[in-house]
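Shown below: coords-v5.txt, with compact mmCIF, C-alpha atoms.
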```txt
# COMPACT_ATOMS: atom_id res chain seq x y z
CA MET A 79 35.26 -21.84 -42.81
CA SER A 80 34.12 -24.95 -40.98
CA ARG A 81 30.42 -25.60 -40.37
CA GLU A 82 30.95 -25.15 -36.63
CA TRP A 83 32.36 -21.63 -37.02
CA THR A 84 29.73 -20.66 -39.59
CA ILE A 85 27.02 -21.54 -37.07
CA LYS A 86 28.85 -19.64 -34.35
CA PHE A 87 29.15 -16.49 -36.46
CA VAL A 88 25.48 -16.65 -37.49
CA LEU A 89 24.41 -17.03 -33.86
CA LEU A 90 26.69 -14.22 -32.73
CA ALA A 91 25.33 -11.92 -35.45
CA ALA A 92 21.71 -12.79 -34.60
CA VAL A 93 22.19 -12.20 -30.87
CA ALA A 94 24.10 -8.97 -31.52
CA ALA A 95 21.30 -7.73 -33.80
CA ILE A 96 18.69 -8.47 -31.13
CA ILE A 97 20.77 -6.68 -28.49
CA VAL A 98 21.27 -3.61 -30.67
CA MET A 99 17.62 -3.34 -31.76
CA ALA A 100 16.19 -3.87 -28.30
CA GLY A 101 18.93 -1.76 -26.76
CA PHE A 102 18.06 1.24 -28.91
CA GLN A 103 14.37 0.98 -28.03
CA LEU A 104 15.09 0.69 -24.32
CA TYR A 105 17.72 3.46 -24.45
CA ASN A 106 15.27 5.81 -26.21
CA HIS A 107 12.56 4.98 -23.68
CA ARG A 108 14.85 5.64 -20.74
CA HIS A 109 15.91 8.98 -22.17
CA TYR A 110 12.53 10.11 -23.56
CA ARG A 111 11.65 13.44 -21.95
CA THR A 112 8.12 14.43 -21.05
CA SER A 113 7.13 18.10 -21.08
CA ILE A 114 5.61 19.21 -17.81
CA VAL A 115 3.80 22.53 -18.07
CA THR A 116 3.46 24.54 -14.90
CA GLY A 117 0.29 26.54 -14.45
CA PRO A 118 -0.40 29.96 -12.92
CA GLY A 119 -0.31 28.60 -9.37
CA VAL A 120 3.31 27.37 -9.41
CA THR A 121 5.56 29.70 -7.42
CA LYS A 122 8.75 27.71 -6.98
CA VAL A 123 10.43 24.61 -8.44
CA VAL A 124 13.21 22.79 -6.60
CA LYS A 125 14.84 19.38 -6.78
CA LEU A 126 14.28 16.52 -4.38
CA SER A 127 18.06 16.44 -3.95
CA ASP A 128 17.77 19.82 -2.20
CA TYR A 129 16.27 17.79 0.65
CA SER A 130 18.27 14.58 0.18
CA GLU A 131 21.80 15.30 -0.95
CA GLY A 132 22.51 11.69 -1.90
CA LEU A 133 20.22 12.07 -4.93
CA LYS A 134 22.33 14.74 -6.64
CA GLY A 135 23.41 13.71 -10.11
CA THR A 136 21.37 10.48 -10.09
CA MET A 137 18.39 9.42 -12.22
CA ALA A 138 16.36 9.28 -9.02
CA ASP A 139 16.44 13.05 -8.56
CA THR A 140 13.18 14.71 -9.54
CA ASN A 141 11.35 18.04 -9.63
CA VAL A 142 9.35 19.31 -6.66
CA PHE A 143 6.75 21.97 -7.51
CA PHE A 144 5.47 24.49 -4.94
CA LEU A 145 2.13 26.28 -5.30
CA GLU A 146 2.07 28.85 -2.52
CA GLY A 147 -1.01 30.87 -1.62
CA LYS A 148 -0.96 34.56 -0.75
CA GLU A 149 -2.42 33.78 2.65
CA GLU A 150 -0.74 31.49 5.16
CA GLY A 151 -2.37 28.17 5.92
CA GLY A 152 -1.69 24.45 5.95
CA THR A 153 0.49 22.46 3.57
CA VAL A 154 -0.36 19.42 1.49
CA LEU A 155 2.12 17.18 -0.34
CA ILE A 156 0.99 15.15 -3.35
CA LEU A 157 3.10 12.24 -4.56
CA ALA A 158 2.49 10.62 -7.94
CA ASN A 159 4.32 7.86 -9.82
CA THR A 160 5.48 6.24 -6.61
CA HIS A 161 4.72 3.26 -8.84
CA ALA A 162 5.36 4.46 -12.38
CA ASN A 163 3.16 1.73 -13.92
CA GLU A 164 0.08 3.33 -12.34
CA PRO A 165 -0.16 6.38 -14.63
CA ALA A 166 -3.50 7.80 -13.42
CA ALA A 167 -1.46 9.21 -10.54
CA LEU A 168 0.86 11.20 -12.82
CA LEU A 169 -2.04 12.36 -14.99
CA SER A 170 -3.96 13.58 -11.90
CA ALA A 171 -0.91 15.36 -10.52
CA LEU A 172 -0.37 17.12 -13.85
CA ILE A 173 -3.98 18.36 -13.87
CA LEU A 174 -3.32 19.91 -10.45
CA LEU A 175 0.06 21.26 -11.51
CA GLU A 176 -1.22 22.88 -14.72
CA ASN A 177 -4.46 24.30 -13.36
CA ALA A 178 -4.55 24.68 -9.58
CA VAL A 179 -4.43 28.10 -7.98
CA VAL A 180 -3.80 28.16 -4.24
CA ASP A 181 -5.40 31.01 -2.30
CA LYS A 182 -4.47 29.86 1.16
CA GLY A 183 -1.73 27.51 2.32
CA THR A 184 0.74 25.59 0.18
CA LEU A 185 0.42 22.72 -2.26
CA ILE A 186 3.59 20.74 -3.00
CA ILE A 187 3.52 18.30 -5.93
CA ILE A 188 6.09 15.67 -6.88
CA PRO A 189 4.59 14.27 -10.10
CA GLN A 190 7.41 11.82 -10.92
CA PHE A 191 8.32 10.64 -7.45
CA ASN A 192 10.11 7.45 -8.53
CA ASN A 193 11.83 9.02 -11.51
CA SER A 194 14.00 5.95 -12.06
CA ALA A 195 10.95 3.63 -12.22
CA GLY A 196 9.44 5.98 -14.79
CA ARG A 197 12.40 5.10 -17.03
CA ASN A 198 12.11 1.36 -16.45
CA THR A 199 9.80 -1.15 -18.14
CA ARG A 200 8.65 -4.74 -17.75
CA PRO A 201 9.47 -6.55 -21.00
CA GLY A 202 8.50 -9.94 -19.51
CA ASP A 203 4.89 -8.73 -19.23
CA GLY A 204 4.99 -7.04 -22.64
CA TYR A 205 4.46 -3.55 -21.25
CA PRO A 206 4.06 -0.83 -23.87
CA LEU A 207 6.92 1.68 -23.70
CA TYR A 208 4.71 4.75 -24.19
CA PHE A 209 1.11 5.88 -24.09
CA GLU A 210 -0.59 8.99 -25.40
CA ILE A 211 -3.41 11.12 -24.04
CA PRO A 212 -5.51 12.95 -26.66
CA THR A 213 -5.84 16.71 -26.12
CA ASP A 214 -7.41 19.62 -27.98
CA TRP A 215 -4.00 20.47 -29.50
CA GLY A 216 -2.79 16.95 -30.39
CA SER A 217 -1.68 14.15 -28.12
CA LYS A 218 0.60 14.24 -25.12
CA LYS A 219 3.06 11.35 -24.98
CA PHE A 220 4.27 9.75 -21.76
CA ARG A 221 6.72 7.02 -20.86
CA MET A 222 5.04 3.95 -19.37
CA GLY A 223 7.17 3.03 -16.38
CA ASN A 224 7.44 0.11 -14.00
CA ARG A 225 6.65 -0.51 -10.34
CA ASP A 226 10.29 -0.61 -9.27
CA ALA A 227 13.29 1.60 -9.92
CA SER A 228 15.55 0.59 -12.75
CA PRO A 229 18.35 -1.81 -11.82
CA LEU A 230 20.55 0.49 -13.91
CA ASP A 231 20.20 3.03 -11.11
CA GLN A 232 20.17 0.78 -8.06
CA TRP A 233 21.95 -2.54 -8.21
CA PRO A 234 22.58 -5.22 -6.99
CA ASP A 235 19.43 -6.28 -5.14
CA PRO A 236 19.95 -8.02 -1.80
CA ASP A 237 18.67 -11.58 -1.24
CA VAL A 238 16.20 -10.13 1.27
CA TYR A 239 15.43 -6.46 1.82
CA VAL A 240 15.82 -5.65 5.50
CA HIS A 241 13.59 -2.63 6.06
CA TYR A 242 15.12 0.39 7.78
CA PRO A 243 14.60 1.11 10.64
CA GLU A 244 12.02 -1.58 11.55
CA LYS A 245 14.20 -4.50 10.35
CA GLN A 246 11.21 -6.33 8.88
CA LEU A 247 12.24 -8.78 6.15
CA LEU A 248 10.73 -7.84 2.79
CA SER A 249 11.03 -9.18 -0.74
CA PHE A 250 14.38 -8.49 -2.43
CA LEU A 251 12.54 -6.49 -5.12
CA ASP A 252 11.14 -4.06 -2.58
CA VAL A 253 14.53 -2.44 -2.13
CA ARG A 254 13.68 -0.66 -5.41
CA ASN A 255 10.01 -0.03 -4.54
CA THR A 256 9.41 3.47 -3.17
CA ASN A 257 6.31 2.24 -1.40
CA ARG A 258 8.38 -0.09 0.77
CA THR A 259 11.40 2.08 1.52
CA TRP A 260 9.70 4.65 3.77
CA PRO A 261 10.83 6.48 5.89
CA GLY A 262 14.20 6.06 4.20
CA ARG A 263 17.62 7.21 5.29
CA LYS A 264 20.19 9.71 4.16
CA ASN A 265 22.87 7.25 3.07
CA GLY A 266 20.77 4.15 2.34
CA PRO A 267 20.10 2.52 -1.03
CA LEU A 268 18.99 5.03 -3.69
CA MET A 269 15.24 4.50 -3.18
CA GLU A 270 15.62 5.01 0.58
CA ARG A 271 17.26 8.34 -0.27
CA VAL A 272 14.19 9.21 -2.40
CA THR A 273 11.73 8.57 0.44
CA TYR A 274 14.10 10.27 2.89
CA GLY A 275 13.93 13.38 0.67
CA ALA A 276 10.13 13.38 0.85
CA MET A 277 10.26 12.88 4.65
CA GLN A 278 12.58 15.88 4.88
CA ILE A 279 10.12 17.97 2.86
CA MET A 280 7.38 16.96 5.29
CA ARG A 281 9.52 17.89 8.30
CA GLU A 282 11.02 21.12 6.97
CA GLU A 283 7.92 22.46 5.21
CA LYS A 284 5.61 21.38 8.06
CA VAL A 285 3.38 19.34 5.75
CA ASP A 286 -0.02 18.62 7.30
CA ILE A 287 -1.27 15.96 4.91
CA ALA A 288 0.45 13.79 2.33
CA VAL A 289 -1.48 12.12 -0.48
CA ASP A 290 0.25 9.24 -2.26
CA ILE A 291 -1.66 8.38 -5.46
CA HIS A 292 -1.74 4.82 -6.82
CA GLY A 293 -3.72 2.29 -8.84
CA ALA A 294 -4.50 -1.34 -7.97
CA GLU A 295 -5.80 -4.51 -9.57
CA THR A 296 -9.55 -5.10 -9.69
CA MET A 297 -8.91 -8.56 -8.18
CA PHE A 298 -7.03 -7.08 -5.22
CA PRO A 299 -9.17 -6.17 -2.20
CA VAL A 300 -7.27 -2.95 -1.48
CA THR A 301 -8.55 -1.15 -4.55
CA ASN A 302 -10.88 1.77 -5.16
CA CYS A 303 -10.14 3.05 -1.68
CA ILE A 304 -8.33 5.42 0.64
CA VAL A 305 -5.76 3.72 2.87
CA ALA A 306 -5.22 5.57 6.12
CA PRO A 307 -3.66 4.96 9.53
CA ASP A 308 -5.56 5.78 12.75
CA LYS A 309 -4.38 9.40 12.82
CA SER A 310 -5.84 10.08 9.35
CA MET A 311 -8.90 7.85 9.67
CA ARG A 312 -11.54 10.44 10.56
CA ILE A 313 -10.71 12.62 7.57
CA ALA A 314 -10.54 9.58 5.26
CA ILE A 315 -13.99 8.37 6.38
CA MET A 316 -15.54 11.82 5.99
CA THR A 317 -14.01 12.08 2.51
CA SER A 318 -15.28 8.64 1.49
CA LEU A 319 -18.83 9.41 2.68
CA THR A 320 -18.84 12.84 1.04
CA VAL A 321 -17.73 11.73 -2.42
CA LYS A 322 -20.22 8.87 -2.26
CA SER A 323 -23.13 11.14 -1.40
CA ARG A 324 -22.21 14.20 -3.48
CA GLU A 325 -20.39 12.75 -6.47
CA ARG A 326 -21.88 9.26 -6.63
CA PHE A 327 -18.75 7.14 -6.72
CA ASP A 328 -17.46 4.57 -4.25
CA ASN A 329 -14.11 4.97 -2.55
CA HIS A 330 -14.11 2.95 0.64
CA VAL A 331 -11.60 3.26 3.48
CA GLU A 332 -8.98 0.66 4.36
CA SER A 333 -7.05 0.73 7.60
CA SER A 334 -3.26 0.87 7.30
CA PRO A 335 -1.88 -2.32 8.89
CA SER A 336 0.57 -1.50 11.68
CA GLY A 337 2.60 -4.69 11.14
CA PHE A 338 3.39 -4.15 7.46
CA ARG A 339 6.35 -1.79 7.21
CA GLY A 340 7.78 0.49 4.58
CA LEU A 341 4.51 1.80 3.12
CA SER A 342 3.83 5.52 2.85
CA HIS A 343 0.49 5.30 4.71
CA ARG A 344 2.28 3.61 7.62
CA GLU A 345 5.71 5.20 7.94
CA ILE A 346 4.83 8.84 7.14
CA GLY A 347 2.35 8.77 9.99
CA ASP A 348 4.71 7.00 12.38
CA TYR A 349 7.85 9.04 11.60
CA SER A 350 6.45 12.56 11.14
CA ASP A 351 3.60 14.83 12.21
CA THR A 352 2.06 14.56 8.74
CA MET A 353 -1.22 12.69 8.18
CA PRO A 354 -0.78 10.27 5.26
CA PHE A 355 -3.40 9.00 2.81
CA LEU A 356 -2.85 6.52 0.00
CA LEU A 357 -5.38 6.59 -2.86
CA GLU A 358 -6.10 3.52 -4.98
CA ALA A 359 -8.17 3.56 -8.17
CA PRO A 360 -8.94 0.33 -10.06
CA LEU A 361 -6.36 -0.43 -12.74
CA PRO A 362 -7.35 -3.46 -14.87
CA PHE A 363 -4.01 -3.27 -16.71
CA LEU A 364 -2.29 -4.60 -13.57
CA ASP A 365 -4.55 -7.65 -13.18
CA GLN A 366 -2.91 -10.95 -14.10
CA PRO A 367 -5.72 -12.75 -16.00
CA THR A 368 -6.09 -10.21 -18.81
CA GLY A 369 -5.39 -10.22 -22.52
CA PRO A 370 -2.26 -8.52 -23.88
CA LYS A 371 -0.97 -5.51 -21.95
CA THR A 372 -1.82 -2.95 -24.60
CA VAL A 373 -2.13 0.83 -24.50
CA ASP A 374 -5.90 0.41 -25.03
CA LEU A 375 -6.17 -1.78 -21.94
CA LEU A 376 -4.16 0.79 -20.00
CA LEU A 377 -6.40 3.67 -21.08
CA ASP A 378 -9.90 2.17 -21.25
CA GLY A 379 -9.54 -0.75 -18.84
CA LYS A 380 -11.70 -3.02 -21.00
CA ASP A 381 -10.87 -6.71 -20.90
CA PRO A 382 -13.08 -9.73 -21.78
CA PHE A 383 -11.44 -12.00 -19.20
CA LEU A 384 -12.07 -9.53 -16.38
CA LEU A 385 -15.64 -9.13 -17.62
CA SER A 386 -16.10 -12.89 -17.36
CA LEU A 387 -14.58 -12.91 -13.85
CA SER A 388 -16.84 -10.02 -12.87
CA LYS A 389 -19.89 -12.10 -13.78
CA LYS A 390 -18.54 -14.79 -11.46
CA ARG A 391 -18.17 -12.14 -8.73
CA LYS A 392 -14.39 -12.52 -8.53
CA LEU A 393 -13.60 -8.79 -8.69
CA PHE A 394 -13.62 -6.28 -5.86
CA VAL A 395 -15.08 -3.45 -7.95
CA PRO A 396 -18.10 -3.13 -10.24
CA TYR A 397 -17.04 -4.01 -13.79
CA ASP A 398 -19.00 -4.05 -17.05
CA GLU A 399 -18.48 -3.56 -20.80
CA THR A 400 -17.39 0.05 -20.22
CA GLY A 401 -14.25 -1.12 -18.34
CA TRP A 402 -12.52 1.39 -16.07
CA PRO A 403 -11.51 4.28 -18.35
CA MET A 404 -8.69 6.60 -17.40
CA GLU A 405 -11.13 9.53 -17.05
CA LYS A 406 -12.92 7.79 -14.18
CA ARG A 407 -9.68 6.93 -12.38
CA VAL A 408 -8.19 10.40 -12.77
CA GLY A 409 -11.50 12.05 -11.90
CA GLN A 410 -11.71 10.02 -8.70
CA HIS A 411 -8.17 10.96 -7.72
CA CYS A 412 -8.87 14.67 -8.31
CA SER A 413 -12.11 14.63 -6.32
CA VAL A 414 -10.78 12.54 -3.44
CA THR A 415 -7.66 14.70 -3.14
CA LEU A 416 -9.71 17.91 -3.11
CA GLU A 417 -12.14 16.42 -0.60
CA LEU A 418 -9.33 15.28 1.72
CA ILE A 419 -7.99 18.85 1.69
CA ARG A 420 -11.48 20.27 2.33
CA GLN A 421 -12.18 17.89 5.20
CA PHE A 422 -8.76 18.63 6.74
CA SER A 423 -9.40 22.38 6.45
CA ARG A 424 -12.79 22.01 8.15
CA LYS A 425 -11.25 20.12 11.07
CA TYR A 426 -8.20 22.39 11.43
CA PRO A 427 -9.40 25.86 10.34
CA GLU A 428 -6.14 27.51 11.45
CA ARG A 429 -4.35 25.34 8.85
CA THR A 430 -6.87 25.82 6.04
CA ILE A 431 -5.75 25.08 2.48
CA THR A 432 -7.86 26.66 -0.27
CA ILE A 433 -7.38 25.49 -3.84
CA ARG A 434 -9.44 26.44 -6.88
CA ASN A 435 -9.55 25.74 -10.60
CA VAL A 436 -9.14 21.97 -10.24
CA PRO A 437 -11.80 19.81 -11.94
CA ARG A 438 -13.74 17.21 -9.99
CA TYR A 439 -14.88 13.72 -10.98
CA ALA A 440 -17.89 14.59 -13.17
CA GLU A 441 -15.96 17.25 -15.10
CA VAL A 442 -12.99 14.98 -15.85
CA VAL A 443 -15.30 12.15 -16.95
CA LYS A 444 -17.21 14.56 -19.20
CA ASN A 445 -14.25 16.47 -20.71
CA GLY A 446 -11.54 13.81 -20.68
CA VAL A 447 -8.09 14.04 -19.10
CA GLY A 448 -6.33 15.75 -22.02
CA TYR A 449 -8.76 18.68 -21.89
CA TYR A 450 -6.85 20.01 -18.87
CA TYR A 451 -3.37 19.88 -20.38
CA HIS A 452 -1.76 22.86 -22.08
CA ASP A 453 0.30 22.80 -25.25
CA PRO A 454 3.99 23.02 -24.24
CA ALA A 455 4.80 24.47 -27.68
CA LYS A 456 2.54 27.45 -27.00
CA THR A 457 3.64 27.93 -23.41
CA ASP A 458 6.38 30.25 -22.23
CA LYS A 459 9.54 28.09 -22.12
CA LYS A 460 10.28 29.10 -18.53
CA ASN A 461 7.05 27.36 -17.55
CA VAL A 462 7.92 24.07 -19.25
CA TYR A 463 10.00 21.50 -17.38
CA ILE A 464 11.39 18.71 -19.51
CA ASN A 465 11.91 15.43 -17.68
CA MET B 1344 32.13 2.40 -6.08
CA PRO B 1345 31.50 0.33 -2.91
CA LEU B 1346 33.41 -2.94 -2.41
CA ILE B 1347 30.26 -5.04 -2.88
CA MET B 1348 29.72 -3.55 -6.35
CA ILE B 1349 33.32 -4.27 -7.33
CA ILE B 1350 32.81 -7.89 -6.24
CA TYR B 1351 29.57 -8.13 -8.25
CA TYR B 1352 31.27 -6.76 -11.36
CA ALA B 1353 34.15 -9.20 -10.85
CA ILE B 1354 31.63 -12.07 -10.65
CA CYS B 1355 30.01 -10.83 -13.89
CA VAL B 1356 33.38 -10.79 -15.65
CA TYR B 1357 34.21 -14.29 -14.38
CA ILE B 1358 30.87 -15.84 -15.39
CA GLY B 1359 30.98 -13.99 -18.72
CA ALA B 1360 34.45 -15.33 -19.46
CA MET B 1361 33.32 -18.86 -18.61
CA LEU B 1362 30.35 -18.54 -20.96
CA ILE B 1363 32.53 -17.29 -23.81
CA TRP B 1364 35.00 -20.10 -23.15
CA ASN B 1365 32.19 -22.67 -23.26
CA PHE B 1366 30.72 -21.09 -26.39
CA LEU B 1367 34.08 -21.36 -28.17
CA ARG B 1368 34.63 -24.94 -26.98
CA GLU B 1369 31.19 -26.17 -27.99
CA LYS B 1370 31.49 -28.17 -31.23
CA LYS B 1371 28.12 -29.77 -31.93
CA SER B 1372 25.08 -28.50 -30.02
CA VAL B 1373 23.66 -25.36 -31.63
CA ASN B 1374 21.16 -25.15 -28.75
CA ASP B 1375 23.95 -24.92 -26.21
CA MET B 1376 25.82 -22.32 -28.28
CA LEU B 1377 22.68 -20.16 -28.43
CA LEU B 1378 22.01 -20.58 -24.72
CA TYR B 1379 25.55 -19.50 -23.81
CA LEU B 1380 25.06 -16.31 -25.86
CA LEU B 1381 21.63 -15.55 -24.43
CA ILE B 1382 22.84 -15.97 -20.86
CA LEU B 1383 25.79 -13.75 -21.71
CA ILE B 1384 23.57 -10.76 -22.71
CA PRO B 1385 22.72 -9.32 -19.26
CA LEU B 1386 26.28 -9.89 -18.05
CA VAL B 1387 27.75 -8.00 -21.00
CA LEU B 1388 25.23 -5.17 -20.56
CA ARG B 1389 26.07 -4.94 -16.88
CA ILE B 1390 29.83 -4.96 -17.46
CA LEU B 1391 29.48 -2.25 -20.09
CA ARG B 1392 27.08 -0.42 -17.73
CA VAL B 1393 24.86 0.33 -20.69
CA LYS B 1394 22.36 2.94 -19.55
```
Written as structure tokens, that's how I'd like the structure from this file.
Amino acid sequence: MSREWTIKFVLLAAVAAIIVMAGFQLYNHRHYRTSIVTGPGVTKVVKLSDYSEGLKGTMADTNVFFLEGKEEGGTVLILANTHANEPAALLSALILLENAVVDKGTLIIIPQFNNSAGRNTRPGDGYPLYFEIPTDWGSKKFRMGNRDASPLDQWPDPDVYVHYPEKQLLSFLDVRNTNRTWPGRKNGPLMERVTYGAMQIMREEKVDIAVDIHGAETMFPVTNCIVAPDKSMRIAIMTSLTVKSRERFDNHVESSPSGFRGLSHREIGDYSDTMPFLLEAPLPFLDQPTGPKTVDLLLDGKDPFLLSLSKKRKLFVPYDETGWPMEKRVGQHCSVTLELIRQFSRKYPERTITIRNVPRYAEVVKNGVGYYYHDPAKTDKKNVYIN
Amino acid sequence: MPLIMIIYYAICVYIGAMLIWNFLREKKSVNDMLLYLLILIPLVLRILRVK
């Protein structure tokens, strides 16, 4: 065999080996199934495709959990994993799902809202494929997802994403970002069908408030806050003041810009009767000037470069050697969500929503996140949803 | 499958074929051979629709 063909075969073999090894890892990640345990409060589980037919049979379809109280009241919708690389949202939603009991009104939870993004990763940033949360019975393993849906599920991307129906020109990537595709449409690109499904839930189930849970960089001004449009502003401000005075953590209020389209806190309010709120907790993992994107950074939020920037007052949140551990972020989300519901119920008593058995900030910080998760192996199989 | 997707797949096949052709024709530069193969990876994965 000539030297030229020897080199060609060696190169082909090397590239094929890389493809196969990486392919297996990515395939396993995409198909890894997380056990979701439903608690005593869950009364009904449906699919998002029941509200948006175009999702049937696709990776974007996802479970929708209903927790209905014995007494009639208002309805709240909680969305988590809109961005699947902001896992405090999923972890908070699962605490609610596994523990909450609704006495009055209805709680609807979609813990893996962008199910396709939860099966995507960002190899260019060296994202870990999984992370684990320690519990009393072992550790619970989760897929680490990405901000955008997988191109395996929605492809090709346009050169520019023309938002529907406002026609604003957005980045091409945002066509796969479920926080830019609101309010969505029935026959649009897959992610528009996802947000359309949630809009249909809000219309058909007469949802009063929608809480979309996120995480944001410490160097980004819209972090550690509640984003709300005018119609939700009063409740957001009351919530912010209450958690500050009673629970001693900051969560300021940001106004939803009316000229920036496609976001949940803008379009839900404009295209339905529901009051939207978007929660942001600091997520150092997302900041650009950090060390390697490790599981430790994801869970404890400790980074020497951010600490140095904090001393130079370049961050928008307090930051010290303790970082921003997951317990704090999840605890904040739990408390702020509960407080939003309480403030709404005070203002609209005829639409009261009463929820119990959900921990607040101090309890989650003290006990850890995993303390509130139940062992799927010891749970009745009909109460375990594998996704 | 919508027409636009068929066109995109056709473009993938065309560019992939050109890369293979160039890889086979390349006689000297190992760098170029490797680059042809690396660029080929996402096109092959897309054509095979590996999920």
(request) With a distance cut-off of 7 Å and only C-alpha atoms, select the neighbouring residues of segment 1379-1390 of chain B, excluding the residue or stretch itself and same-chain residues fewer than 4 positions from it, and output the selection as a count of residues only. (result) 6
(message) Would you compute the distance between atom CA of Arg438 of chain A and atom CA of Cys412 of chain A? Give it in Å to one decimal.
(response)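 Interatomic distance here is 5.7 Å.
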(message) What's the separation between atom CA of Pro243 of chain A and atom CA of Met353 of chain A, in Å to one decimal place?
(response) 19.8 Å
(request) Identify all chain B residues at most 9 Å from chain A by counting all atoms listed in the file; ligands do not count. Present them as a PyMOL selection string. (result) chain B and resi 1347-1348+1351+1366-1367+1369-1371+1373+1376-1377+1380-1381+1384+1389+1392-1394
(request) Using atom CA of Glu149 of chain A and atom CA of Phe422 of chain A as the two end points, give the distance in Å to one decimal. (result)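 Separating atom CA of Glu149 of chain A from atom CA of Phe422 of chain A is a distance of 16.9 Å.
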(request) Find the spatial neighbours of Glu210 of chain A, counting all atoms listed in the file, within a cut-off of 8 Å - ignore same-chain residues fewer than 3 positions away - and output them as a list of chain:residue names. (result)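 Selected residues are A:Ser217, A:Lys218, A:Lys219, A:Phe220.
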(request) Write out as a list in words which residues come within 7 Å of Trp260 of chain A when counting all atoms listed in the file, dropping same-chain ones fewer than 6 positions away. (result)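 Listed by chain and then number, they are Glu270, Thr273, Gly340, Leu341, Ser342 and Glu345 of chain A.
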(request) Find the residue from A:Tyr274, A:Pro189, A:Arg429, A:Met404 that sits nearest to Asn445 of chain A; use all atoms listed in the file when measuring. (result)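 Counting all atoms listed in the file, the residue closest to Asn445 of chain A is A:Met404.
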